[in-house]
Amino acid sequence: MTALLEVRDLAVEYDSGERRVRALDGADLTVAAGETIGIVGESGSGKSTLGSAVGRLLPSTANRVTGDVWLAGERVFDLPPAGIRRLRRERLGFVFQDPIASLDPTMRVGKQLKLVLGSKGDPLSHLDRVRLANPGRVARMYPHQLSGGMAQRVALAIAMACQPRLLIADEPTAALDAQVREEVLEVVFSVAAEAGTSIVWLSHDLTAVARRCSRVAVMYGGRVVEDGPAADVLGQPAHPYTAALARSAPAMASLGDRLSPVPGRPPVLAEASHGCAFEPRCPYAEERCAKERPELHVVRTQEALCHRATELVTAS
Ligand SMILES: Nc1ncnc2c1ncn2[C@@H]1O[C@H](COP(=O)(O)OP(=O)(O)OP(=O)(O)O)[C@@H](O)[C@H]1O
């Protein structure tokens, strides 16, 4: 399989003057063409920063310290302004939690789609593609007239208008109620599958990720600490953090299981971590975990950044 996206040793720091936060601390990720991958982790683990970095959409307070991002063979951080605009237009689509914020409030939906499509496309067929009933009526609406689910479908139609190679979805269903969430999820994944578009789905929702994504990458403290097939990562975790996260997610638990939150709080790093960032919360931590940064271990079908991964899986 060809890598569509490669993120290598990416470190990003936010510097607001009085405070520095190292949001990514050497993150690695590879996504193959056509693959659907869920990125999960507690709040603050760096998911959104990673997603934004792929499109070089980091705010001005963020600095890339080390590392690289390649998308469709192009080195994202080396592209000139015109090159990154072309890459975003032709190769990348984004959908965010708040779709209204990504739409122009003063322009009808149809006109916004027309602007993205140029002379070639018919906005109505793109609204129909995301299964919006009565596309003609929706095309004449302004963003504030759309419901949450409709707005997310419009945002998806715009993001998918140019058949991107990669769709980055940053919690697009988090603000929707359960039934609409399921419908929007179905539309996102089926439209992307029809177009052969890969999905990077950033989420807190382990259940949705387990059902929809072929692979899962688990983030903690700005690194991808476990990566592998969704069923294996969530069903037989190789990293103690993934195991704790899976136990904490209500719908992941089997009937009768006692639910337990991940004890302790996630870190906010000010500098590169010297050891494993999960060490203060890890029930299996030993001395070296605080001092040595874990390297990648291949355990069964998974890759895990844990000194003890092989030993713990063998013992379980
Ligand atoms: N614009 C910003 N300025 C300063 N710090 C930021 C900024 N954006 C994110 N951070 C910090 O960077 C770290 C990673 O945040 P990020 O939003 O990437 O994580 P996340 O996993 O997406 O969290 P969530 O699930 O809550 O969206 C956090 O400590 C966060 O507070």
# chains A, B, ... in the order shown; residues from 1 in each chain; ligands from 1
$ closest_atom_pairs --of "chain A" --to "ligand 1" --cutoff "8 Å" --atoms "only C-alpha atoms and all ligand atoms" --output "tab-separated table"
residue	atom	partner	partner_atom_place_in_ligand_line	distance
A:Glu13	CA	ligand 1	12 (O)	7.6
A:Tyr14	CA	ligand 1	4 (C)	4.8
A:Asp15	CA	ligand 1	4 (C)	6.6
A:Ser16	CA	ligand 1	4 (C)	6.4
A:Arg20	CA	ligand 1	4 (C)	7.4
A:Val21	CA	ligand 1	5 (N)	5.7
A:Arg22	CA	ligand 1	12 (O)	6.5
A:Ala23	CA	ligand 1	13 (C)	4.1
A:Leu24	CA	ligand 1	14 (C)	7.1
A:Val40	CA	ligand 1	21 (O)	7.8
A:Gly41	CA	ligand 1	21 (O)	6.1
A:Glu42	CA	ligand 1	21 (O)	6.0
A:Ser43	CA	ligand 1	26 (O)	3.6
A:Gly44	CA	ligand 1	19 (O)	3.5
A:Ser45	CA	ligand 1	21 (O)	3.8
A:Gly46	CA	ligand 1	18 (O)	3.3
A:Lys47	CA	ligand 1	22 (O)	3.9
A:Ser48	CA	ligand 1	22 (O)	3.6
A:Thr49	CA	ligand 1	18 (O)	3.7
A:Leu50	CA	ligand 1	18 (O)	6.5
A:Pro59	CA	ligand 1	1 (N)	6.2
A:Thr61	CA	ligand 1	3 (N)	6.4
A:Ala62	CA	ligand 1	1 (N)	7.0
A:Leu202	CA	ligand 1	22 (O)	7.6
A:Ser203	CA	ligand 1	25 (O)	7.0
A:His204	CA	ligand 1	25 (O)	6.6
A:Met219	CA	ligand 1	21 (O)	7.6
A:Gly222	CA	ligand 1	14 (C)	7.0
A:Pro267	CA	ligand 1	29 (O)	7.7
A:Val268	CA	ligand 1	29 (O)	5.0
A:Leu269	CA	ligand 1	29 (O)	7.2
$ select_by_dssp --residues "range 76-202 of chain A" --states "helix (DSSP H, G or I)" --output "ChimeraX atom specification"
/A:76-78,81-91,100-102,109-117,123-129,135-139,143-145,148-160,178-195
$ atom_distance --atom1 "CA of Asp177 in chain A" --atom2 "CA of Gly149 in chain A"
8.9 Å
$ select_by_dssp --residues "range 100-229 of chain A" --states "strand (DSSP E)" --output "MDAnalysis selection string"
chainID A and resid 166:170 198:203 215:220 223:229
$ atom_distance --atom1 "CA of Leu146 in chain A" --atom2 "CA of Ile100 in chain A"
8.6 Å
$ closest_atom_pairs --of "range 7-33 of chain A" --to "range 276-295 of chain A" --cutoff "12 Å" --atoms "only C-alpha atoms" --output "Markdown table"
| residue | atom | partner | partner_atom | distance |
| --- | --- | --- | --- | --- |
| A:Asp9 | CA | A:Glu295 | CA | 11.9 |
| A:Leu24 | CA | A:Ala277 | CA | 11.8 |
| A:Asp25 | CA | A:Ala277 | CA | 9.8 |
| A:Gly26 | CA | A:Arg293 | CA | 10.6 |
| A:Ala27 | CA | A:Glu295 | CA | 11.9 |
| A:Asp28 | CA | A:Glu295 | CA | 11.5 |
$ closest_residue --among "A:Arg89, A:Arg211, A:His297, A:Arg8" --to "Arg165 in chain A" --atoms "only C-alpha atoms"
A:Arg89
$ residues_around --residues "Gly34 in chain A" --least-positions-apart "6" --cutoff "6 Å" --atoms "only C-alpha atoms" --output "number ranges by chain"
A: 196-198
$ write_last_selection --atoms "N, CA and C atoms" --output "short mmCIF file (atom, residue, chain, number, x, y, z; two decimals), in the first residue's frame"
data_model
loop_
_atom_site.label_atom_id
_atom_site.label_comp_id
_atom_site.auth_asym_id
_atom_site.auth_seq_id
_atom_site.Cartn_x
_atom_site.Cartn_y
_atom_site.Cartn_z
N GLY A 196 -13.25 7.13 -2.80
CA GLY A 196 -11.91 6.57 -2.56
C GLY A 196 -11.07 7.48 -1.69
N THR A 197 -11.74 8.30 -0.87
CA THR A 197 -11.04 9.26 0.00
C THR A 197 -10.69 8.60 1.34
N SER A 198 -9.47 8.78 1.78
CA SER A 198 -9.08 8.29 3.11
C SER A 198 -9.66 9.22 4.17
#
$ atom_distance --atom1 "CA of Leu79 in chain A" --atom2 "CA of Asp227 in chain A"
28.5 Å
$ closest_residue --among "A:Ala72, A:Ala270, A:Val184, A:Ala217" --to "Leu166 in chain A" --atoms "only C-alpha atoms"
A:Ala72
$ residues_around --residues "Ala53 in chain A" --least-positions-apart "4" --cutoff "9 Å" --atoms "only C-alpha atoms" --output "ChimeraX atom specification"
/A:12,48-49,57-58,64,69,76-77
$ residues_around --residues "range 236-244 of chain A" --least-positions-apart "4" --cutoff "6 Å" --atoms "only C-alpha atoms" --output "number ranges by chain"
A: 232, 262, 304, 309
$ write_last_selection --atoms "N, CA and C atoms" --output "compact mmCIF listing (two decimals), in the first residue's frame"
# COMPACT_ATOMS: atom_id res chain seq x y z
N ASP A 232 -8.31 -4.94 17.19
CA ASP A 232 -7.23 -5.42 18.07
C ASP A 232 -6.84 -4.36 19.10
N VAL A 262 -10.14 6.85 33.68
CA VAL A 262 -8.68 6.72 33.72
C VAL A 262 -8.22 7.53 34.94
N ALA A 304 3.29 -0.23 19.73
CA ALA A 304 3.02 0.48 20.99
C ALA A 304 4.30 1.14 21.49
N ALA A 309 5.54 -3.22 26.84
CA ALA A 309 4.41 -3.75 26.06
C ALA A 309 4.52 -5.26 25.81
$ residues_around --residues "Arg86 in chain A" --least-positions-apart "4" --cutoff "12 Å" --atoms "only C-alpha atoms" --output "list of chain:residue names"
A:Gly55, A:Glu74, A:Val76, A:Leu79, A:Pro80, A:Pro81, A:Ala82, A:Glu90, A:Arg91, A:Leu92, A:Gly93, A:Cys162, A:Pro164
$ write_last_selection --atoms "C-alpha atoms" --output "PDB file, in the first residue's frame"
ATOM      1  CA  GLY A  55      -3.123  21.089   6.325  1.00  0.00           C
ATOM      2  CA  GLU A  74       4.507  16.636  -1.058  1.00  0.00           C
ATOM      3  CA  VAL A  76       3.612  20.171   3.509  1.00  0.00           C
ATOM      4  CA  LEU A  79       5.403  24.315   0.123  1.00  0.00           C
ATOM      5  CA  PRO A  80       5.156  27.977  -0.899  1.00  0.00           C
ATOM      6  CA  PRO A  81       1.819  29.722  -0.140  1.00  0.00           C
ATOM      7  CA  ALA A  82       0.388  28.952  -3.590  1.00  0.00           C
ATOM      8  CA  GLU A  90      -7.152  19.523  -4.529  1.00  0.00           C
ATOM      9  CA  ARG A  91      -6.061  16.933  -1.995  1.00  0.00           C
ATOM     10  CA  LEU A  92      -7.488  17.765   1.411  1.00  0.00           C
ATOM     11  CA  GLY A  93     -10.924  18.231   2.914  1.00  0.00           C
ATOM     12  CA  CYS A 162     -13.098  18.392  -5.275  1.00  0.00           C
ATOM     13  CA  PRO A 164      -9.904  15.086  -1.981  1.00  0.00           C
TER      14      PRO A 164
END
